[in-house]
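Below: one structure, written as structure tokens.
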Amino acid sequence: MIDSERLYYVYARAVDEGDLETLRSIVTKDVKVTRGSQPPLVGVEAFLDIYRAHNALNIPVCKHVVTNIQADRRDDVIQTHAYFQATMFEESGTRMIFGCYDDVHVEQDGELLIAHKVITVERILHLPASVGPQYTQVSSPEKPEKGES
């Protein structure tokens, strides 16, 4: 399962960073992608078109979280199931998408690749816009040395 966890991490990070070359490198040449009840799209370019469209939205900050990963291996084919949460911090509001992935990972030449990406969106939550980083370092007051008051 560790390999599938790593693949999900690489996938999520690449989507968040708009890194099409990494996305290209983690899929098979005949990758399929199924979104909801739509018929599957086939091929690397069809797969990347989804993320090209996502990148065109110019979302200032996007964070994907993939959890509860289950991976069942049969030879070189790994059937996976995972929950995802995609949070999109846009200028006009915050959008949170909740769903699951039911993907097929395959091992080719020692590398684990996505052979079929299946994305099911279960809920979308719209929230007000969030504020940018305003983190303030918090520290505890210095303690007096022994013998000082």
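Residues are referred to by chain and number: the chain letter is A, B, ... according to the order shown in the structure tokens, the number counts from 1 in that chain, and ligands are numbered separately from 1 in the order shown.
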Could you tell me, as JSON, numbers by chain, which residues of range 3-126 of chain A DSSP assigns to alpha helix (DSSP H) when given the backbone? {"A": [3, 4, 5, 6, 7, 8, 9, 10, 11, 12, 13, 14, 15, 16, 17, 20, 21, 22, 23, 24, 25, 44, 45, 46, 47, 48, 49, 50, 51, 52, 53, 54, 55, 56]}
Neighbour list for Asp3 in chain A as a compact mmCIF listing (two decimals) with C-alpha atoms, in the first residue's frame, cut-off 12 Å, only C-alpha atoms, skip fewer than 6 positions in-chain:
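What follows is the written file part27.txt:
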```
# COMPACT_ATOMS: atom_id res chain seq x y z
CA TYR A 9 0.71 12.05 -2.81
CA VAL A 10 2.61 12.73 -6.04
CA ILE A 69 -6.36 4.62 1.19
CA GLN A 70 -7.11 0.97 0.60
CA ALA A 71 -5.05 -0.94 -1.95
CA ASP A 72 -5.59 -4.55 -3.00
CA ARG A 73 -2.86 -6.03 -5.19
CA ILE A 78 -3.59 -2.66 -7.68
CA THR A 80 -7.41 1.29 -4.84
CA HIS A 105 -2.57 1.38 -10.38
CA VAL A 106 -0.22 -0.86 -12.33
CA GLU A 107 3.42 -1.66 -12.01
CA GLY A 110 9.35 -1.11 -11.45
CA GLU A 111 7.25 2.08 -11.40
CA LEU A 112 3.69 2.36 -10.11
CA LEU A 113 1.46 4.24 -12.55
CA ILE A 114 -2.18 5.24 -12.76
```
Within 6 Å of Val104 in chain A, counting only C-alpha atoms, which residues show up once you throw out same-chain ones fewer than 5 positions away? Write them as a count of residues only, please. 4
Find the residues near Cys100 in chain A: any atom within 8 Å, counting only C-alpha atoms, skip ones fewer than 2 places away on the same chain, and give them as number ranges by chain. A: 81-84, 98, 102, 119-122
Shell of 12 Å around Leu41 in chain A, only C-alpha atoms, local chain residues under 4 positions omitted, as an mmCIF file with C-alpha atoms, in the first residue's frame:
```cif
data_model
loop_
_atom_site.group_PDB
_atom_site.id
_atom_site.type_symbol
_atom_site.label_atom_id
_atom_site.label_comp_id
_atom_site.auth_asym_id
_atom_site.auth_seq_id
_atom_site.Cartn_x
_atom_site.Cartn_y
_atom_site.Cartn_z
ATOM 1 C CA ASP A 30 -3.438 4.323 -22.415
ATOM 2 C CA VAL A 31 -4.641 5.804 -19.106
ATOM 3 C CA LYS A 32 -8.390 6.046 -18.646
ATOM 4 C CA VAL A 33 -10.125 8.694 -16.585
ATOM 5 C CA THR A 34 -13.735 8.457 -15.491
ATOM 6 C CA ARG A 35 -15.484 11.368 -13.798
ATOM 7 C CA GLY A 36 -18.842 10.574 -12.270
ATOM 8 C CA SER A 37 -21.218 8.888 -14.696
ATOM 9 C CA GLU A 45 -3.604 13.959 -23.549
ATOM 10 C CA ALA A 46 -7.257 13.419 -22.596
ATOM 11 C CA PHE A 47 -6.122 12.903 -18.993
ATOM 12 C CA LEU A 48 -3.974 16.046 -19.063
ATOM 13 C CA ASP A 49 -6.775 18.108 -20.656
ATOM 14 C CA ILE A 50 -8.664 17.856 -17.355
ATOM 15 C CA ALA A 115 -3.949 3.095 -15.364
ATOM 16 C CA HIS A 116 -7.495 4.254 -14.582
ATOM 17 C CA LYS A 117 -8.411 7.337 -12.550
ATOM 18 C CA VAL A 118 -12.004 7.165 -11.317
#
```
Let me make sure I understand: among A:Gly18, A:Gly99, A:Leu7, A:Arg123, which one has the smallest atom-to-atom distance to Asn58 in chain A if we use only C-alpha atoms?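 That would be A:Gly18, the residue with the smallest distance to Asn58 in chain A.
Pairwise distance (CA of Ala53 in chain A, CA of Arg24 in chain A) equals 15.0 Å.
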For a quick check of understanding, using only C-alpha atoms, which of A:Glu142, A:Glu21, A:Asp109, A:Asp16 has the smallest distance to His54 in chain A? A:Asp16
So which bits of range 3-120 of chain A end up strand (DSSP E or B) when you DSSP the backbone, as a PyMOL selection string? chain A and resi 27-35+41-42+61-74+77-89+94-101+104-108+111-120
Pairwise distance, CA of Val65 in chain A with CA of Leu23 in chain A, equals 16.4 Å
Find the residues near Gly132 in chain A: any atom within 12 Å, counting only C-alpha atoms, skip ones fewer than 6 places away on the same chain, and give them as a short mmCIF file (atom, residue, chain, number, x, y, z; two decimals) with N, CA, C and O atoms, in the first residue's frame.
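The resulting file, out.cif, is reproduced below:
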```
data_model
loop_
_atom_site.label_atom_id
_atom_site.label_comp_id
_atom_site.auth_asym_id
_atom_site.auth_seq_id
_atom_site.Cartn_x
_atom_site.Cartn_y
_atom_site.Cartn_z
N PRO A 60 -5.77 30.71 -6.92
CA PRO A 60 -4.56 31.11 -6.18
C PRO A 60 -3.96 30.00 -5.33
O PRO A 60 -2.75 29.81 -5.30
N VAL A 61 -4.79 29.26 -4.60
CA VAL A 61 -4.30 28.16 -3.77
C VAL A 61 -5.29 27.01 -3.89
O VAL A 61 -6.49 27.19 -3.73
N PHE A 89 -9.06 27.80 -2.81
CA PHE A 89 -9.13 29.13 -2.21
C PHE A 89 -9.12 30.15 -3.33
O PHE A 89 -8.06 30.55 -3.82
N GLU A 90 -10.31 30.56 -3.76
CA GLU A 90 -10.44 31.50 -4.86
C GLU A 90 -10.68 32.90 -4.30
O GLU A 90 -11.02 33.06 -3.13
N GLU A 91 -10.52 33.90 -5.14
CA GLU A 91 -10.70 35.29 -4.69
C GLU A 91 -12.13 35.53 -4.20
O GLU A 91 -12.36 36.23 -3.22
N THR A 94 -14.38 30.20 -1.14
CA THR A 94 -13.65 28.96 -0.95
C THR A 94 -14.57 27.81 -1.33
O THR A 94 -15.73 27.77 -0.90
#
```
Got a sec: who's within 10 Å of Asp19 in chain A, counting only C-alpha atoms, leaving out chain neighbours fewer than 4 positions off, as a PyMOL selection string? chain A and resi 11+13-15+23-24+51-52+55
Could those residues be written to a file, using N, CA and C atoms, as an mmCIF file, in the first residue's frame?
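out_36.cif written:
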```cif
data_model
loop_
_atom_site.group_PDB
_atom_site.id
_atom_site.type_symbol
_atom_site.label_atom_id
_atom_site.label_comp_id
_atom_site.auth_asym_id
_atom_site.auth_seq_id
_atom_site.Cartn_x
_atom_site.Cartn_y
_atom_site.Cartn_z
ATOM 1 N N TYR A 11 0.445 12.573 -7.134
ATOM 2 C CA TYR A 11 -0.685 13.035 -7.945
ATOM 3 C C TYR A 11 -1.284 14.318 -7.353
ATOM 4 N N ARG A 13 -0.110 16.491 -5.192
ATOM 5 C CA ARG A 13 0.836 17.615 -5.210
ATOM 6 C C ARG A 13 0.964 18.190 -6.623
ATOM 7 N N ALA A 14 1.027 17.326 -7.627
ATOM 8 C CA ALA A 14 1.132 17.789 -9.009
ATOM 9 C C ALA A 14 -0.111 18.568 -9.436
ATOM 10 N N VAL A 15 -1.294 18.078 -9.044
ATOM 11 C CA VAL A 15 -2.524 18.809 -9.369
ATOM 12 C C VAL A 15 -2.502 20.184 -8.706
ATOM 13 N N LEU A 23 2.307 14.930 -13.804
ATOM 14 C CA LEU A 23 1.094 14.159 -14.073
ATOM 15 C C LEU A 23 1.302 13.224 -15.265
ATOM 16 N N ARG A 24 1.963 13.705 -16.295
ATOM 17 C CA ARG A 24 2.256 12.874 -17.475
ATOM 18 C C ARG A 24 3.112 11.662 -17.079
ATOM 19 N N TYR A 51 -6.574 18.602 -16.382
ATOM 20 C CA TYR A 51 -5.736 19.430 -15.514
ATOM 21 C C TYR A 51 -5.318 20.722 -16.199
ATOM 22 N N ARG A 52 -5.281 20.718 -17.519
ATOM 23 C CA ARG A 52 -5.078 21.980 -18.242
ATOM 24 C C ARG A 52 -6.261 22.913 -17.981
ATOM 25 N N ASN A 55 -5.955 24.210 -14.468
ATOM 26 C CA ASN A 55 -4.926 25.251 -14.394
ATOM 27 C C ASN A 55 -5.425 26.573 -14.978
#
```
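The spacing separating CA of Leu127 in chain A from CA of Tyr8 in chain A amounts to 26.1 Å.
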